[in-house]
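Have a look at final.csv; it's CSV, C-alpha atoms:
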```
chain,number,residue,atom,x,y,z
A,866,MET,CA,13.2,-12.4,-12.0
A,867,SER,CA,14.2,-9.1,-13.5
A,868,VAL,CA,12.3,-7.7,-16.4
A,869,VAL,CA,14.9,-6.3,-18.8
A,870,ALA,CA,12.6,-5.1,-21.5
A,871,THR,CA,8.9,-4.2,-21.8
A,872,ALA,CA,7.1,-3.1,-24.8
A,873,PRO,CA,6.5,0.5,-23.7
A,874,ASP,CA,10.3,1.0,-23.8
A,875,ARG,CA,10.3,0.7,-27.5
A,876,ASP,CA,8.7,2.5,-30.5
A,877,LEU,CA,6.6,-0.3,-31.9
A,878,ASP,CA,5.5,1.6,-35.1
A,879,GLY,CA,8.9,1.2,-36.7
A,880,LEU,CA,9.1,-2.6,-36.2
A,881,SER,CA,8.4,-5.2,-38.8
A,882,THR,CA,6.1,-8.1,-38.1
A,883,GLN,CA,9.1,-10.4,-37.4
A,884,GLU,CA,10.8,-7.8,-35.2
A,885,LEU,CA,7.6,-7.4,-33.2
A,886,LEU,CA,7.3,-11.2,-32.8
A,887,ARG,CA,10.9,-11.4,-31.6
A,888,LEU,CA,10.3,-8.6,-29.1
A,889,GLU,CA,7.1,-10.3,-27.9
A,890,ARG,CA,8.9,-13.6,-27.4
A,891,ALA,CA,11.8,-11.9,-25.6
A,892,ILE,CA,9.4,-10.2,-23.2
A,893,ALA,CA,7.4,-13.3,-22.6
A,894,GLU,CA,10.4,-15.5,-21.9
A,895,GLN,CA,11.3,-13.3,-18.9
A,896,PHE,CA,8.1,-14.6,-17.2
A,897,MET,CA,8.8,-18.3,-17.7
A,898,GLY,CA,10.9,-20.7,-15.6
A,899,GLY,CA,11.2,-21.4,-11.9
A,900,LEU,CA,8.9,-23.5,-9.8
A,901,PRO,CA,5.3,-22.1,-9.5
A,902,TRP,CA,5.2,-22.7,-5.7
A,903,GLY,CA,1.9,-20.9,-5.3
A,904,SER,CA,0.1,-23.3,-7.6
A,905,ILE,CA,1.8,-26.3,-6.0
A,906,ILE,CA,0.8,-25.2,-2.5
A,907,TRP,CA,-2.7,-24.3,-3.8
A,908,ALA,CA,-3.1,-27.9,-5.2
A,909,PHE,CA,-2.2,-29.7,-2.0
A,910,THR,CA,-4.1,-27.3,0.3
A,911,ASN,CA,-7.2,-27.5,-1.7
A,912,LEU,CA,-7.1,-31.3,-1.8
A,913,THR,CA,-6.4,-31.6,1.9
A,914,VAL,CA,-9.4,-29.3,2.7
A,915,TRP,CA,-11.7,-31.4,0.4
A,916,LEU,CA,-10.5,-34.7,1.9
A,917,SER,CA,-10.9,-33.4,5.4
A,918,LEU,CA,-14.6,-32.6,4.6
A,919,TRP,CA,-15.3,-36.3,4.4
A,920,PRO,CA,-14.7,-37.4,8.0
A,921,LEU,CA,-16.0,-34.1,9.3
A,922,THR,CA,-19.3,-34.4,7.3
A,923,LEU,CA,-19.9,-38.1,7.6
A,924,SER,CA,-19.4,-37.9,11.4
A,925,GLY,CA,-21.9,-35.1,11.7
A,926,GLY,CA,-19.2,-32.7,12.9
A,927,LEU,CA,-19.7,-30.3,10.0
A,928,PRO,CA,-23.3,-29.4,8.9
A,929,LEU,CA,-24.3,-30.0,5.3
A,930,TRP,CA,-25.1,-26.3,4.8
A,931,ALA,CA,-21.4,-25.5,5.5
A,932,ALA,CA,-19.9,-28.6,3.8
A,933,ALA,CA,-21.6,-28.0,0.4
A,934,PRO,CA,-20.2,-24.5,-0.3
A,935,ILE,CA,-16.7,-25.4,0.9
A,936,ALA,CA,-16.8,-28.5,-1.4
A,937,THR,CA,-18.0,-26.3,-4.2
A,938,LEU,CA,-15.1,-24.0,-3.7
A,939,ASN,CA,-12.8,-27.0,-3.7
A,940,VAL,CA,-14.1,-28.1,-7.0
A,941,ILE,CA,-13.8,-24.6,-8.5
A,942,LEU,CA,-10.2,-24.4,-7.3
A,943,ALA,CA,-9.2,-27.9,-8.4
A,944,TYR,CA,-8.6,-27.3,-12.1
A,945,LEU,CA,-6.0,-24.6,-12.4
A,946,PRO,CA,-3.0,-26.3,-10.5
A,947,SER,CA,-3.5,-29.3,-12.8
A,948,HIS,CA,-3.7,-26.9,-15.8
A,949,GLU,CA,-0.2,-25.7,-14.9
A,950,ALA,CA,0.9,-29.4,-14.8
A,951,GLN,CA,-0.8,-30.1,-18.1
A,952,HIS,CA,1.5,-27.5,-19.7
A,953,ARG,CA,4.5,-28.9,-17.9
A,954,ILE,CA,5.1,-25.6,-16.1
A,955,ILE,CA,6.2,-27.3,-12.9
A,956,ALA,CA,8.7,-29.5,-14.8
A,957,ARG,CA,9.1,-31.1,-18.2
A,958,GLU,CA,9.5,-34.8,-19.0
A,959,GLY,CA,13.1,-35.8,-18.2
A,960,GLU,CA,13.6,-33.1,-15.6
A,961,PRO,CA,14.1,-34.1,-11.9
A,962,LEU,CA,10.8,-32.7,-10.7
A,963,PHE,CA,8.6,-34.2,-13.4
A,964,TRP,CA,7.2,-36.5,-10.8
A,965,LEU,CA,5.9,-33.4,-8.9
A,966,ASN,CA,4.4,-32.0,-12.1
A,967,GLU,CA,2.5,-35.3,-12.6
A,968,LEU,CA,1.5,-35.6,-9.0
A,969,VAL,CA,0.0,-32.1,-9.0
A,970,GLY,CA,-1.6,-32.8,-12.3
A,971,HIS,CA,-3.4,-36.0,-11.1
A,972,LEU,CA,-4.1,-35.1,-7.4
A,973,SER,CA,-5.4,-31.5,-7.9
A,974,LEU,CA,-8.2,-32.8,-10.1
A,975,VAL,CA,-9.5,-35.3,-7.5
A,976,PRO,CA,-12.2,-33.0,-6.1
A,977,MET,CA,-13.6,-32.6,-9.7
A,978,GLY,CA,-13.4,-36.4,-10.4
A,979,MET,CA,-11.6,-35.6,-13.6
A,980,ALA,CA,-8.9,-37.7,-15.2
A,981,TYR,CA,-5.6,-35.9,-15.8
A,982,GLY,CA,-4.6,-37.7,-19.0
A,983,ALA,CA,-7.8,-36.9,-20.8
A,984,ALA,CA,-7.8,-33.3,-19.4
A,985,ARG,CA,-4.3,-32.7,-20.8
A,986,LEU,CA,-4.8,-34.2,-24.2
A,987,THR,CA,-8.2,-32.5,-24.9
A,988,HIS,CA,-6.8,-29.2,-23.5
A,989,TYR,CA,-4.0,-29.4,-26.1
A,990,GLU,CA,-6.7,-29.8,-28.7
A,991,HIS,CA,-8.4,-26.7,-27.4
A,992,HIS,CA,-5.1,-24.8,-27.8
A,993,LYS,CA,-4.6,-26.1,-31.3
A,994,HIS,CA,-8.1,-25.3,-32.5
A,995,ALA,CA,-9.4,-22.6,-30.2
A,996,ASN,CA,-12.9,-21.4,-31.4
A,997,ASP,CA,-13.0,-23.9,-34.2
A,998,PRO,CA,-16.6,-25.1,-34.3
A,999,GLU,CA,-15.6,-28.6,-35.4
A,1000,LEU,CA,-12.3,-29.2,-33.6
A,1001,ASP,CA,-12.3,-27.2,-30.3
A,1002,PRO,CA,-13.5,-29.5,-27.6
A,1003,ASP,CA,-14.5,-26.5,-25.5
A,1004,ILE,CA,-16.6,-24.8,-28.2
A,1005,ASN,CA,-19.8,-25.8,-26.4
A,1006,THR,CA,-19.5,-22.9,-24.0
A,1007,ARG,CA,-19.9,-20.4,-26.9
A,1008,SER,CA,-22.9,-18.3,-26.1
A,1009,ASP,CA,-24.4,-14.9,-26.8
A,1010,SER,CA,-24.0,-13.6,-23.2
A,1011,GLY,CA,-23.1,-14.6,-19.7
A,1012,TRP,CA,-26.6,-15.5,-18.8
A,1013,HIS,CA,-27.1,-17.5,-22.0
A,1014,MET,CA,-24.0,-19.4,-21.2
A,1015,VAL,CA,-25.2,-20.4,-17.7
A,1016,VAL,CA,-28.6,-21.5,-19.0
A,1017,LYS,CA,-27.1,-23.4,-21.8
A,1018,ASP,CA,-24.6,-25.1,-19.5
A,1019,ILE,CA,-27.3,-26.2,-17.1
A,1020,GLY,CA,-29.2,-27.5,-20.1
A,1021,MET,CA,-26.2,-29.6,-21.2
A,1022,GLN,CA,-25.8,-30.9,-17.7
A,1023,LEU,CA,-29.4,-32.2,-17.8
A,1024,GLN,CA,-28.6,-34.3,-20.8
A,1025,THR,CA,-27.9,-38.0,-20.1
A,1026,ALA,CA,-24.9,-37.8,-22.3
A,1027,PRO,CA,-23.8,-34.2,-21.9
A,1028,LYS,CA,-22.6,-32.6,-25.2
A,1029,MET,CA,-19.3,-31.4,-23.6
A,1030,ASN,CA,-18.4,-34.9,-22.5
A,1031,THR,CA,-19.1,-36.2,-26.1
A,1032,ALA,CA,-16.9,-33.4,-27.4
A,1033,TYR,CA,-14.0,-34.6,-25.2
A,1034,ALA,CA,-14.5,-38.2,-26.2
A,1035,ASN,CA,-14.6,-37.2,-29.9
A,1036,ALA,CA,-11.4,-35.2,-29.4
A,1037,LEU,CA,-9.6,-38.2,-27.9
A,1038,GLU,CA,-10.8,-40.4,-30.8
A,1039,ARG,CA,-9.6,-37.9,-33.3
A,1040,ILE,CA,-6.1,-37.9,-31.7
A,1041,GLY,CA,-6.2,-41.6,-32.1
A,1042,THR,CA,-2.9,-42.4,-30.3
A,1043,GLU,CA,-2.3,-45.2,-27.8
A,1044,ASP,CA,-2.0,-42.4,-25.2
A,1045,ALA,CA,-5.4,-41.0,-26.1
A,1046,ARG,CA,-7.1,-44.4,-26.0
A,1047,ARG,CA,-5.6,-45.0,-22.6
A,1048,ALA,CA,-6.7,-41.6,-21.4
A,1049,GLY,CA,-10.2,-42.2,-22.6
A,1050,ALA,CA,-10.4,-45.6,-20.8
A,1051,VAL,CA,-9.1,-43.9,-17.6
A,1052,ALA,CA,-11.6,-41.1,-17.9
A,1053,LEU,CA,-14.4,-43.7,-18.3
A,1054,ALA,CA,-13.1,-45.5,-15.2
A,1055,TYR,CA,-13.1,-42.2,-13.2
A,1056,ALA,CA,-16.8,-41.6,-14.2
A,1057,LEU,CA,-17.8,-45.1,-13.2
A,1058,ALA,CA,-15.8,-44.8,-9.9
A,1059,LYS,CA,-17.5,-41.5,-9.2
A,1060,ASN,CA,-20.9,-43.1,-9.6
A,1061,ALA,CA,-19.9,-46.2,-7.6
A,1062,LEU,CA,-18.9,-43.8,-4.8
A,1063,LEU,CA,-22.2,-41.9,-5.0
A,1064,PHE,CA,-24.2,-45.1,-5.0
A,1065,GLY,CA,-22.2,-46.8,-2.3
A,1066,PHE,CA,-22.4,-43.9,0.2
A,1067,ALA,CA,-26.0,-43.2,-0.7
A,1068,TRP,CA,-27.1,-46.8,0.1
A,1069,ALA,CA,-25.0,-46.8,3.2
A,1070,GLY,CA,-27.2,-44.0,4.5
A,1071,TYR,CA,-25.1,-41.0,3.5
A,1072,ALA,CA,-27.0,-39.8,0.4
A,1073,LEU,CA,-27.3,-36.2,1.6
A,1074,GLU,CA,-23.7,-36.1,2.6
A,1075,VAL,CA,-22.4,-37.2,-0.8
A,1076,ALA,CA,-24.9,-34.9,-2.5
A,1077,ALA,CA,-23.3,-32.0,-0.5
A,1078,LEU,CA,-19.7,-33.2,-1.1
A,1079,ILE,CA,-19.8,-34.4,-4.7
A,1080,TRP,CA,-23.1,-34.1,-6.6
A,1081,LEU,CA,-24.0,-30.4,-6.0
A,1082,PRO,CA,-20.4,-29.1,-6.1
A,1083,HIS,CA,-19.8,-30.8,-9.5
A,1084,ILE,CA,-23.0,-29.1,-10.9
A,1085,VAL,CA,-22.4,-25.6,-9.5
A,1086,GLY,CA,-18.6,-25.7,-9.6
A,1087,GLY,CA,-18.8,-27.0,-13.2
A,1088,VAL,CA,-20.8,-24.0,-14.3
A,1089,TYR,CA,-18.4,-21.6,-12.6
A,1090,ILE,CA,-15.3,-23.2,-14.1
A,1091,ARG,CA,-16.7,-23.3,-17.6
A,1092,PHE,CA,-17.9,-19.7,-17.3
A,1093,PHE,CA,-14.6,-18.2,-16.2
A,1094,LEU,CA,-12.1,-20.6,-17.7
A,1095,SER,CA,-13.8,-21.2,-21.1
A,1096,TRP,CA,-16.6,-18.8,-21.9
A,1097,ALA,CA,-15.3,-15.5,-20.6
A,1098,PRO,CA,-11.8,-15.5,-22.1
A,1099,HIS,CA,-13.0,-16.7,-25.5
A,1100,HIS,CA,-16.2,-14.7,-25.8
A,1101,PRO,CA,-17.5,-14.2,-28.5
A,1102,ALA,CA,-15.5,-17.2,-29.7
A,1103,ALA,CA,-16.0,-16.1,-33.3
A,1104,ASP,CA,-12.4,-15.5,-34.5
A,1105,LEU,CA,-9.6,-17.9,-35.1
A,1106,GLY,CA,-5.9,-17.2,-35.0
A,1107,ARG,CA,-3.1,-16.6,-32.4
A,1108,TYR,CA,-4.1,-13.0,-31.6
A,1109,ARG,CA,-7.9,-13.2,-32.0
A,1110,ASP,CA,-9.0,-16.5,-30.4
A,1111,THR,CA,-8.7,-15.3,-26.8
A,1112,ARG,CA,-9.4,-11.9,-25.3
A,1113,GLY,CA,-8.4,-9.9,-22.2
A,1114,PHE,CA,-11.4,-8.6,-20.3
A,1115,ARG,CA,-12.2,-6.7,-17.1
A,1116,SER,CA,-14.6,-8.4,-14.7
A,1117,ARG,CA,-16.5,-6.7,-11.9
A,1118,LEU,CA,-15.5,-9.7,-9.8
A,1119,GLY,CA,-11.8,-8.9,-10.1
A,1120,ASN,CA,-8.8,-11.1,-10.8
A,1121,ILE,CA,-9.0,-13.5,-7.9
A,1122,LEU,CA,-12.7,-14.4,-8.3
A,1123,THR,CA,-12.2,-14.9,-12.0
A,1124,MET,CA,-9.2,-17.1,-11.2
A,1125,GLY,CA,-6.8,-14.9,-13.2
A,1126,MET,CA,-8.8,-15.4,-16.4
A,1127,GLN,CA,-8.8,-11.6,-17.2
A,1128,TYR,CA,-5.3,-12.2,-18.6
A,1129,HIS,CA,-6.0,-15.6,-20.2
A,1130,ILE,CA,-4.8,-14.2,-23.5
A,1131,ILE,CA,-1.3,-14.4,-22.2
A,1132,HIS,CA,-1.8,-18.2,-21.6
A,1133,HIS,CA,-2.9,-18.8,-25.2
A,1134,LEU,CA,0.1,-16.9,-26.5
A,1135,TYR,CA,2.6,-18.4,-24.1
A,1136,PRO,CA,1.2,-21.5,-22.3
A,1137,ARG,CA,4.4,-21.9,-20.2
A,1138,VAL,CA,4.0,-18.6,-18.4
A,1139,PRO,CA,2.7,-19.6,-14.9
A,1140,LEU,CA,-0.8,-18.4,-14.0
A,1141,MET,CA,0.4,-16.1,-11.2
A,1142,ARG,CA,2.7,-14.2,-13.6
A,1143,HIS,CA,0.0,-13.5,-16.1
A,1144,PRO,CA,-0.9,-10.0,-14.8
A,1145,ALA,CA,2.7,-8.8,-14.9
A,1146,ALA,CA,3.3,-10.4,-18.3
A,1147,PHE,CA,0.1,-8.8,-19.6
A,1148,ARG,CA,1.2,-5.4,-18.5
A,1149,ALA,CA,4.6,-5.8,-20.1
A,1150,LEU,CA,3.1,-7.1,-23.4
A,1151,ARG,CA,0.0,-4.9,-23.6
A,1152,PRO,CA,1.3,-2.4,-26.2
A,1153,ILE,CA,2.3,-5.4,-28.5
A,1154,LEU,CA,-1.2,-6.9,-28.0
A,1155,VAL,CA,-2.7,-3.6,-29.0
A,1156,ALA,CA,-0.5,-3.4,-32.0
A,1157,ARG,CA,-1.5,-6.9,-33.0
A,1158,GLY,CA,-5.2,-6.1,-32.8
A,1159,CYS,CA,-6.0,-8.3,-29.9
A,1160,ARG,CA,-9.3,-7.9,-28.2
A,1161,LEU,CA,-8.8,-6.3,-24.8
A,1162,ASP,CA,-12.2,-5.5,-23.3
A,1163,GLY,CA,-11.6,-2.8,-20.7
A,1164,ILE,CA,-8.3,-4.1,-19.4
B,1186,MET,CA,-24.0,-50.4,-19.3
B,1187,LEU,CA,-23.5,-46.7,-20.2
B,1188,HIS,CA,-26.8,-46.6,-22.0
B,1189,GLY,CA,-28.5,-47.8,-18.8
B,1190,MET,CA,-26.6,-45.4,-16.5
B,1191,PRO,CA,-29.5,-43.0,-15.9
B,1192,LEU,CA,-31.6,-45.9,-14.6
B,1193,LEU,CA,-28.7,-47.0,-12.4
B,1194,PHE,CA,-28.3,-43.4,-11.2
B,1195,GLY,CA,-32.0,-43.2,-10.5
B,1196,ILE,CA,-31.9,-46.3,-8.3
B,1197,GLY,CA,-28.4,-46.0,-7.0
B,1198,PHE,CA,-28.4,-42.3,-6.0
B,1199,ILE,CA,-31.7,-40.5,-6.5
B,1200,ALA,CA,-33.8,-43.2,-4.7
B,1201,PRO,CA,-31.8,-43.2,-1.4
B,1202,LEU,CA,-31.4,-39.4,-1.7
B,1203,ILE,CA,-35.2,-39.0,-1.8
B,1204,ALA,CA,-35.7,-41.5,1.0
B,1205,GLN,CA,-33.2,-39.8,3.3
B,1206,LEU,CA,-34.7,-36.3,2.5
B,1207,VAL,CA,-38.1,-37.6,3.4
B,1208,GLU,CA,-36.8,-39.2,6.6
B,1209,ARG,CA,-35.3,-35.9,7.7
B,1210,VAL,CA,-38.5,-33.9,7.0
B,1211,VAL,CA,-41.4,-36.2,8.0
B,1212,PRO,CA,-41.5,-37.1,11.7
B,1213,GLY,CA,-41.5,-40.9,12.3
B,1214,ALA,CA,-40.6,-41.7,8.6
B,1215,GLU,CA,-37.2,-43.0,9.7
B,1216,GLN,CA,-38.7,-46.3,11.0
B,1217,ALA,CA,-40.9,-46.9,8.0
B,1218,GLN,CA,-40.3,-48.6,4.7
B,1219,TRP,CA,-42.4,-46.2,2.5
B,1220,PRO,CA,-39.7,-43.5,2.1
B,1221,LEU,CA,-37.3,-45.9,0.4
B,1222,LEU,CA,-40.1,-47.4,-1.7
B,1223,THR,CA,-41.2,-43.9,-2.7
B,1224,GLY,CA,-37.5,-43.1,-3.6
B,1225,LEU,CA,-37.2,-46.2,-5.7
B,1226,ALA,CA,-40.4,-45.5,-7.5
B,1227,ILE,CA,-39.5,-41.9,-8.3
B,1228,GLY,CA,-35.8,-42.5,-8.9
B,1229,GLY,CA,-36.4,-45.6,-11.0
B,1230,SER,CA,-39.1,-44.1,-13.2
B,1231,TRP,CA,-37.2,-40.8,-13.5
B,1232,GLY,CA,-34.1,-42.7,-14.6
B,1233,ALA,CA,-36.0,-44.9,-17.1
B,1234,LEU,CA,-37.7,-41.8,-18.6
B,1235,ALA,CA,-34.3,-40.1,-18.8
B,1236,ILE,CA,-33.0,-43.0,-21.0
B,1237,LEU,CA,-36.0,-42.6,-23.3
B,1238,ARG,CA,-35.8,-38.8,-23.6
B,1239,GLY,CA,-32.0,-38.3,-23.4
B,1240,ARG,CA,-32.6,-35.6,-20.7
B,1241,TRP,CA,-33.2,-35.5,-17.0
B,1242,LEU,CA,-35.7,-32.7,-17.3
```
Show how you would write the structure in this file as structure tokens.
Amino acid sequence: MSVVATAPDRDLDGLSTQELLRLERAIAEQFMGGLPWGSIIWAFTNLTVWLSLWPLTLSGGLPLWAAAPIATLNVILAYLPSHEAQHRIIAREGEPLFWLNELVGHLSLVPMGMAYGAARLTHYEHHKHANDPELDPDINTRSDSGWHMVVKDIGMQLQTAPKMNTAYANALERIGTEDARRAGAVALAYALAKNALLFGFAWAGYALEVAALIWLPHIVGGVYIRFFLSWAPHHPAADLGRYRDTRGFRSRLGNILTMGMQYHIIHHLYPRVPLMRHPAAFRALRPILVARGCRLDGI
Amino acid sequence: MLHGMPLLFGIGFIAPLIAQLVERVVPGAEQAQWPLLTGLAIGGSWGALAILRGRWL
């Protein structure tokens, strides 16, 4: 990939809104296309590690104190490869590698016990309605501060029908298509299967093992994912609109531990730019983002 | 069924989890019935309360 134009090459002050948009698109398009091999390898490696924890833990070969943090890491790492698939970044419908896109989409979510169809459709709703208090299914992460978000999230997880799950179910109902109904039914089947797995292993004498491999990682990993993938890039989640509903931010944890979310603004502007190219795309587009009045907190 | 899920969770998961925790911590408890009965009492009543309150805690 060769970058032929970046915003700093141009004098932005003299450009009209339309010219600025054309330049923005031309720059962004340079970062699209090609197979995101990093995300594909990430998906299958993460799934393999998580699956290998089962025989290792159930046989007693791996102690629970080691299995639980590894499984939590697997849960944390499970979402983003599927997110690439949700946006058809690996391949679009009708393209030869669309099967790989769907395979990554489905399989990478297994450690989270999340259904791909429901994740994809509700995520599109999030993009369409980011920060809308009524229509954004991810709005429940909106909080005054990072600590407030963590406390609020744990509070929601203690609900017997967590508010965030209700928001996703409502979003699918609003979509109302046959696809959405099917996705909702599959998501319910996933939730029941997860409980059946927990109950089955627990009564077979492996309650502590499934607590370490599924139950605790879903609680802890869920907070981490919602913190960095939802709360941090949209905080304070008060504005609507293409250039204001997402922010850039600098985290003390750096880009890897925040899973690339410091540059999430690029994703909301151009969802088909692969995650691993977000930092470069951000650097190339930064002057335009500044000109557009985007919120770039320290980055 | 979904409405009753907390009770199922209490009996299906919390009860054996408590029983197996007790068996690991208390010497000799592995051979006894009381850890499982304790787990069922706590898990079952916790799940039933969760249904009534809409929250686990």
What residues in chain B lie within 6 Å of chain A, counting all atoms listed in the file, written as a PyMOL selection string?
-> chain B and resi 1197-1198+1201-1202+1239-1241
Give me the residues within 6 Å of range 980-992 of chain A as a VMD selection string, counting all atoms listed in the file and dropping any in the same chain fewer than 6 places off.
-> chain A and resid 951 971 1001 to 1002 1048 1052
How many Å separate CA of His1100 in chain A from CA of Asn939 in chain A?
-> 25.5 Å
Find the distance between CA of His1143 in chain A and CA of Gly1106 in chain A and write it in Å to one decimal.
-> 20.1 Å
If you count only C-alpha atoms, which residues fall within 9 Å of Val1207 in chain B, apart from same-chain ones fewer than 6 positions away, as a list in words?
->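 Counting only the stated atoms, we get Ala1214, Glu1215, Pro1220, Leu1221 and Gly1224 of chain B.
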Which residues, written as a list in words, have at least one atom at most 10 Å from Tyr944 in chain A, with all atoms listed in the file counted and residues fewer than 4 positions away on the same chain left out?
-> Ala908, Asn939, Val940, His948, Glu949, Gly970, Ser973, Leu974, Val975, Pro976, Met977, Met979, Tyr981, Ala984, Ile1090 and Leu1094 of chain A
Residue among A:Ile955, A:Gly926, A:Leu938, A:Glu1043 lying closest to Val914 in chain A, counting all atoms listed in the file =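 The closest residue to Val914 in chain A is A:Leu938.
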Determine, counting only C-alpha atoms, which protein, DNA and RNA residues have an atom within 8 Å of an atom of Pro1101 in chain A; residues of the same chain fewer than 6 positions away are not included. Present the result as a ChimeraX atom specification.
-> /A:1007-1009
Spatial neighbours of Pro1139 in chain A, 12 Å, all atoms listed in the file, chain gap at least 6 places, as a PyMOL selection string = chain A and resi 893-905+945-956+1125+1128-1129+1131-1133+1145-1146
What does the distance from CA of Arg1091 in chain A to CA of Thr1006 in chain A come to in Å, to one decimal?
->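 So the answer is 7.0 Å.
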Compare A:Ala1034, A:Leu885, A:Ala1097, A:Leu942 by their minimum atom-to-atom distance to Gly1011 in chain A, counting all atoms listed in the file, and give me the closest one.
-> A:Ala1097
Looking at only C-alpha atoms, which of B:Leu1206, B:Gln1218, B:Ile1196, B:Val1211 is the one that sits closest to Ser1230 in chain B?
->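 Among the listed residues, B:Ile1196 lies closest to Ser1230 in chain B.
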